[in-house]
Amino acid sequence: MRIKIVAGNWKMNNDISQTRTLIKKLIDGLKVESTNCGVIICPPFTSLAGANELINETNIKLGAQNMYAEEKGAFTGEISPDMLKSVGCEYVILGHSERRTIFKETDELINKKIHLALKKDLNPIFCVGETEQEREDDKTEEVIKRQVTEGLSKVSSSDMGKIIIAYEPIWAIGTGKNATPEQAQAVHLFIRDLIAQNYSQKIANDLIIQYGGSVKPDNAKELLSQRDIDGALVGGASLKADAFIGIIKAA
Ligand code: PGA
């Protein structure tokens, strides 16, 4: 049986004082909810250390939104996996569609980052998803297959247990247009079958596959009750304690 995991991707939002306010509200809200759902928050780099102090004695885990593919050196403006670990991160989002489109990250670079994260014992939340045009052209499966296969190239079976895949159709991110539960379930099953082919049925069955793209408290239950949807990667709604807790409750 897979557990559900809900992660909040704060993107480029919240300075340190806003971070403290939001986390305090989350901790208070989650105290009264008994949930066995995993909870991860991914604040911006500058808020990670502060966030780590606040969540220290809670079940909330910490993740970063990105990292560089090298251990250290002359890479101005970049952040290494060791730096993330030193501020308490256990997870790192890799391959988010905003990194792919705005910052031109390729499948090859994302694969390199995944290998380094695994080597450093950080759990990747590896994002894949098609554009609206690709869906209209009936290329969703082709695109997902390429992203999953190239992103996970040469990742060993034993490391697969550390990876979460997040399926985030780009046309649903921040647009208010979420995939229907049936559309999302179909792609999740496609990803699970692909992992079964590339690895084994057991690894595929154990893999956590999150859905992302305009997840809100009022659509979370339907999406997360699909057989192959094991949680959510939440952007906008993770910035409001009530909404994020609503999604966790639904999970
Ligand atoms: P959204 O973002 O929930 O605001 O659509 C999701 C994401 O980009 O991870």
# chains A, B, ... in the order shown; residues from 1 in each chain; ligands from 1
>>> residues_near_ligand(ligand="ligand 1", cutoff="8 Å", atoms="only C-alpha atoms and all ligand atoms", output="MDAnalysis selection string")
chainID A and resid 8:9 11 96:98 168 172:176 178 212:216 233:238
>>> write_last_selection(atoms="N, CA, C and O atoms", output="mmCIF file, in the first residue's frame")
data_model
loop_
_atom_site.group_PDB
_atom_site.id
_atom_site.type_symbol
_atom_site.label_atom_id
_atom_site.label_comp_id
_atom_site.auth_asym_id
_atom_site.auth_seq_id
_atom_site.Cartn_x
_atom_site.Cartn_y
_atom_site.Cartn_z
ATOM 1 N N GLY A 8 4.252 21.085 -1.087
ATOM 2 C CA GLY A 8 3.930 22.471 -1.460
ATOM 3 C C GLY A 8 5.140 23.104 -2.128
ATOM 4 O O GLY A 8 6.207 23.191 -1.520
ATOM 5 N N ASN A 9 4.960 23.515 -3.372
ATOM 6 C CA ASN A 9 6.015 24.205 -4.109
ATOM 7 C C ASN A 9 5.711 25.698 -4.053
ATOM 8 O O ASN A 9 4.839 26.180 -4.757
ATOM 9 N N LYS A 11 7.431 28.153 -4.981
ATOM 10 C CA LYS A 11 8.028 28.933 -6.087
ATOM 11 C C LYS A 11 8.718 30.186 -5.528
ATOM 12 O O LYS A 11 9.207 30.150 -4.403
ATOM 13 N N HIS A 96 11.132 20.693 -12.852
ATOM 14 C CA HIS A 96 9.839 21.399 -12.896
ATOM 15 C C HIS A 96 9.687 22.083 -14.252
ATOM 16 O O HIS A 96 10.662 22.564 -14.830
ATOM 17 N N SER A 97 8.461 22.164 -14.735
ATOM 18 C CA SER A 97 8.253 22.705 -16.086
ATOM 19 C C SER A 97 8.720 24.156 -16.201
ATOM 20 O O SER A 97 9.120 24.590 -17.276
ATOM 21 N N GLU A 98 8.686 24.899 -15.080
ATOM 22 C CA GLU A 98 9.204 26.279 -15.163
ATOM 23 C C GLU A 98 10.715 26.273 -15.345
ATOM 24 O O GLU A 98 11.274 27.151 -16.021
ATOM 25 N N GLU A 168 2.765 16.728 -13.994
ATOM 26 C CA GLU A 168 2.181 18.069 -14.004
ATOM 27 C C GLU A 168 1.959 18.529 -15.442
ATOM 28 O O GLU A 168 2.879 19.054 -16.071
ATOM 29 N N ALA A 172 -2.057 22.915 -17.061
ATOM 30 C CA ALA A 172 -2.858 22.966 -15.834
ATOM 31 C C ALA A 172 -2.144 23.724 -14.719
ATOM 32 O O ALA A 172 -2.718 23.960 -13.663
ATOM 33 N N ILE A 173 -0.881 24.127 -14.962
ATOM 34 C CA ILE A 173 -0.114 24.762 -13.878
ATOM 35 C C ILE A 173 -0.452 26.244 -13.786
ATOM 36 O O ILE A 173 -0.249 26.995 -14.730
ATOM 37 N N GLY A 174 -0.983 26.620 -12.636
ATOM 38 C CA GLY A 174 -1.272 28.025 -12.367
ATOM 39 C C GLY A 174 -2.373 28.604 -13.248
ATOM 40 O O GLY A 174 -2.536 29.822 -13.326
ATOM 41 N N THR A 175 -3.109 27.747 -13.935
ATOM 42 C CA THR A 175 -4.118 28.239 -14.872
ATOM 43 C C THR A 175 -5.531 28.078 -14.339
ATOM 44 O O THR A 175 -6.471 28.624 -14.912
ATOM 45 N N GLY A 176 -5.688 27.317 -13.261
ATOM 46 C CA GLY A 176 -7.026 27.022 -12.764
ATOM 47 C C GLY A 176 -7.701 25.890 -13.544
ATOM 48 O O GLY A 176 -8.767 25.424 -13.183
ATOM 49 N N ASN A 178 -7.586 22.278 -14.182
ATOM 50 C CA ASN A 178 -6.890 21.036 -13.822
ATOM 51 C C ASN A 178 -7.303 19.910 -14.765
ATOM 52 O O ASN A 178 -8.353 19.981 -15.404
ATOM 53 N N GLY A 212 0.149 17.262 -10.199
ATOM 54 C CA GLY A 212 0.260 18.701 -9.946
ATOM 55 C C GLY A 212 -0.376 19.492 -11.066
ATOM 56 O O GLY A 212 -0.347 19.073 -12.232
ATOM 57 N N GLY A 213 -0.906 20.645 -10.721
ATOM 58 C CA GLY A 213 -1.551 21.521 -11.712
ATOM 59 C C GLY A 213 -2.897 21.958 -11.180
ATOM 60 O O GLY A 213 -3.872 21.222 -11.265
ATOM 61 N N SER A 214 -2.916 23.150 -10.562
ATOM 62 C CA SER A 214 -4.160 23.735 -10.043
ATOM 63 C C SER A 214 -4.899 22.814 -9.071
ATOM 64 O O SER A 214 -6.135 22.746 -9.097
ATOM 65 N N VAL A 215 -4.153 22.122 -8.223
ATOM 66 C CA VAL A 215 -4.819 21.325 -7.180
ATOM 67 C C VAL A 215 -5.308 22.274 -6.087
ATOM 68 O O VAL A 215 -4.566 23.155 -5.633
ATOM 69 N N LYS A 216 -6.564 22.096 -5.707
ATOM 70 C CA LYS A 216 -7.199 22.955 -4.693
ATOM 71 C C LYS A 216 -7.966 22.035 -3.747
ATOM 72 O O LYS A 216 -8.231 20.881 -4.096
ATOM 73 N N LEU A 233 1.493 17.707 -5.934
ATOM 74 C CA LEU A 233 2.495 18.765 -5.858
ATOM 75 C C LEU A 233 1.713 20.057 -6.108
ATOM 76 O O LEU A 233 1.138 20.241 -7.175
ATOM 77 N N VAL A 234 1.684 20.884 -5.073
ATOM 78 C CA VAL A 234 0.758 22.018 -5.061
ATOM 79 C C VAL A 234 1.521 23.328 -5.150
ATOM 80 O O VAL A 234 2.442 23.562 -4.360
ATOM 81 N N GLY A 235 1.167 24.174 -6.085
ATOM 82 C CA GLY A 235 1.802 25.486 -6.198
ATOM 83 C C GLY A 235 0.973 26.521 -5.451
ATOM 84 O O GLY A 235 1.036 26.627 -4.223
ATOM 85 N N GLY A 236 0.165 27.262 -6.189
ATOM 86 C CA GLY A 236 -0.612 28.380 -5.637
ATOM 87 C C GLY A 236 -1.300 28.092 -4.310
ATOM 88 O O GLY A 236 -1.187 28.877 -3.361
ATOM 89 N N ALA A 237 -1.978 26.961 -4.222
ATOM 90 C CA ALA A 237 -2.758 26.672 -3.012
ATOM 91 C C ALA A 237 -1.874 26.319 -1.815
ATOM 92 O O ALA A 237 -2.365 26.256 -0.687
ATOM 93 N N SER A 238 -0.566 26.128 -2.046
ATOM 94 C CA SER A 238 0.297 25.827 -0.893
ATOM 95 C C SER A 238 0.734 27.110 -0.182
ATOM 96 O O SER A 238 1.370 27.064 0.867
#
>>> select_by_dssp(residues="segment 29-230 of chain A", states="strand (DSSP E or B)", output="ChimeraX atom specification")
/A:38-42,60-64,91-94,123-128,164-167,208-212
>>> atom_distance(atom1="atom CA of Asn219 of chain A", atom2="atom CA of Gly29 of chain A")
20.0 Å
>>> residues_around(residues="segment 37-44 of chain A", least_positions_apart="5", cutoff="9 Å", atoms="only C-alpha atoms", output="JSON, numbers by chain")
{"A": [3, 4, 5, 6, 7, 8, 9, 10, 11, 12, 13, 14, 15, 19, 51, 59, 60, 61, 62, 63, 64, 65, 89, 91, 92, 93, 231, 238, 248, 249, 251]}
>>> write_last_selection(atoms="N, CA, C and O atoms", output="short mmCIF file (atom, residue, chain, number, x, y, z; two decimals), in the first residue's frame")
data_model
loop_
_atom_site.label_atom_id
_atom_site.label_comp_id
_atom_site.auth_asym_id
_atom_site.auth_seq_id
_atom_site.Cartn_x
_atom_site.Cartn_y
_atom_site.Cartn_z
N ILE A 3 1.57 5.23 0.57
CA ILE A 3 0.96 6.34 1.31
C ILE A 3 0.78 7.52 0.36
O ILE A 3 1.33 7.53 -0.74
N LYS A 4 0.01 8.50 0.80
CA LYS A 4 -0.15 9.73 0.01
C LYS A 4 0.87 10.76 0.52
O LYS A 4 1.12 10.86 1.72
N ILE A 5 1.43 11.51 -0.41
CA ILE A 5 2.35 12.58 -0.03
C ILE A 5 1.94 13.87 -0.73
O ILE A 5 1.80 13.89 -1.96
N VAL A 6 1.76 14.91 0.06
CA VAL A 6 1.40 16.21 -0.51
C VAL A 6 2.59 17.16 -0.31
O VAL A 6 3.10 17.29 0.80
N ALA A 7 3.04 17.76 -1.39
CA ALA A 7 4.18 18.69 -1.31
C ALA A 7 3.75 20.08 -1.77
O ALA A 7 2.97 20.21 -2.73
N GLY A 8 4.25 21.08 -1.09
CA GLY A 8 3.93 22.47 -1.46
C GLY A 8 5.14 23.10 -2.13
O GLY A 8 6.21 23.19 -1.52
N ASN A 9 4.96 23.52 -3.37
CA ASN A 9 6.01 24.20 -4.11
C ASN A 9 5.71 25.70 -4.05
O ASN A 9 4.84 26.18 -4.76
N TRP A 10 6.43 26.40 -3.18
CA TRP A 10 6.12 27.82 -2.97
C TRP A 10 6.60 28.70 -4.12
O TRP A 10 6.25 29.86 -4.20
N LYS A 11 7.43 28.15 -4.98
CA LYS A 11 8.03 28.93 -6.09
C LYS A 11 8.72 30.19 -5.53
O LYS A 11 9.21 30.15 -4.40
N MET A 12 8.74 31.30 -6.28
CA MET A 12 9.47 32.48 -5.80
C MET A 12 8.54 33.37 -4.99
O MET A 12 8.22 34.49 -5.36
N ASN A 13 8.08 32.80 -3.86
CA ASN A 13 7.17 33.52 -2.97
C ASN A 13 7.62 33.34 -1.53
O ASN A 13 8.13 32.28 -1.18
N ASN A 14 7.38 34.36 -0.72
CA ASN A 14 7.59 34.36 0.73
C ASN A 14 9.04 34.65 1.14
O ASN A 14 9.94 33.85 0.92
N ASP A 15 9.21 35.81 1.76
CA ASP A 15 10.50 36.12 2.39
C ASP A 15 10.53 35.40 3.74
O ASP A 15 9.60 34.65 4.08
N THR A 19 7.54 33.40 5.53
CA THR A 19 7.76 31.96 5.70
C THR A 19 7.38 31.54 7.11
O THR A 19 6.68 30.55 7.32
N ALA A 51 12.93 27.82 7.84
CA ALA A 51 11.83 26.84 7.82
C ALA A 51 12.24 25.59 8.60
O ALA A 51 11.47 25.03 9.37
N ASN A 59 6.06 16.63 11.78
CA ASN A 59 6.20 15.60 10.73
C ASN A 59 6.40 16.22 9.35
O ASN A 59 6.46 15.51 8.36
N ILE A 60 6.45 17.55 9.30
CA ILE A 60 6.62 18.21 8.00
C ILE A 60 8.07 18.06 7.55
O ILE A 60 9.00 18.27 8.34
N LYS A 61 8.25 17.69 6.29
CA LYS A 61 9.61 17.53 5.75
C LYS A 61 9.93 18.71 4.84
O LYS A 61 9.04 19.37 4.31
N LEU A 62 11.24 18.89 4.65
CA LEU A 62 11.70 20.06 3.89
C LEU A 62 12.27 19.65 2.53
O LEU A 62 13.05 18.70 2.43
N GLY A 63 11.90 20.43 1.52
CA GLY A 63 12.46 20.20 0.20
C GLY A 63 12.88 21.52 -0.43
O GLY A 63 12.39 22.59 -0.05
N ALA A 64 13.80 21.45 -1.40
CA ALA A 64 14.19 22.64 -2.17
C ALA A 64 13.53 22.56 -3.54
O ALA A 64 13.02 21.52 -3.93
N GLN A 65 13.57 23.67 -4.25
CA GLN A 65 12.88 23.72 -5.56
C GLN A 65 13.80 23.42 -6.73
O GLN A 65 13.35 23.30 -7.87
N CYS A 89 17.25 19.87 4.16
CA CYS A 89 16.41 19.34 3.07
C CYS A 89 16.55 17.83 2.95
O CYS A 89 17.65 17.29 2.99
N TYR A 91 14.34 16.53 0.41
CA TYR A 91 13.80 16.41 -0.94
C TYR A 91 14.29 17.56 -1.82
O TYR A 91 14.67 18.61 -1.30
N VAL A 92 14.25 17.34 -3.12
CA VAL A 92 14.52 18.43 -4.05
C VAL A 92 13.66 18.23 -5.30
O VAL A 92 13.61 17.13 -5.85
N ILE A 93 12.96 19.30 -5.68
CA ILE A 93 12.17 19.25 -6.91
C ILE A 93 13.13 19.38 -8.08
O ILE A 93 13.96 20.29 -8.11
N GLY A 231 -0.79 11.47 -4.38
CA GLY A 231 -0.54 12.71 -3.67
C GLY A 231 -0.52 13.85 -4.66
O GLY A 231 -0.88 13.68 -5.83
N SER A 238 -0.57 26.13 -2.05
CA SER A 238 0.30 25.83 -0.89
C SER A 238 0.73 27.11 -0.18
O SER A 238 1.37 27.06 0.87
N ILE A 248 -4.35 18.44 2.20
CA ILE A 248 -3.78 17.35 3.02
C ILE A 248 -4.92 16.52 3.62
O ILE A 248 -4.87 15.28 3.62
N LYS A 249 -5.96 17.20 4.10
CA LYS A 249 -7.12 16.49 4.66
C LYS A 249 -7.78 15.61 3.60
O LYS A 249 -8.14 14.47 3.86
N ALA A 251 -6.40 14.28 1.10
CA ALA A 251 -5.52 13.14 0.78
C ALA A 251 -5.62 12.08 1.86
O ALA A 251 -5.46 10.89 1.59
#
>>> select_by_dssp(residues="segment 64-202 of chain A", states="helix (DSSP H, G or I)", output="PyMOL selection string")
chain A and resi 81-86+97-101+107-119+132-136+140-151+157-160+170-172+181-198+201-202
>>> closest_residue(among="A:Ile170, A:Ile165, A:Ile144, A:Leu207", to="Phe190 of chain A", atoms="only C-alpha atoms")
A:Ile144
>>> closest_residue(among="A:Trp171, A:Leu48, A:Asp159, A:Leu22", to="Arg135 of chain A", atoms="only C-alpha atoms")
A:Trp171
>>> atom_distance(atom1="atom CA of Thr58 of chain A", atom2="atom CA of Pro124 of chain A")
21.2 Å
>>> closest_residue(among="A:Ser158, A:Asn111, A:Thr21, A:Gln226", to="Thr180 of chain A", atoms="only C-alpha atoms")
A:Gln226
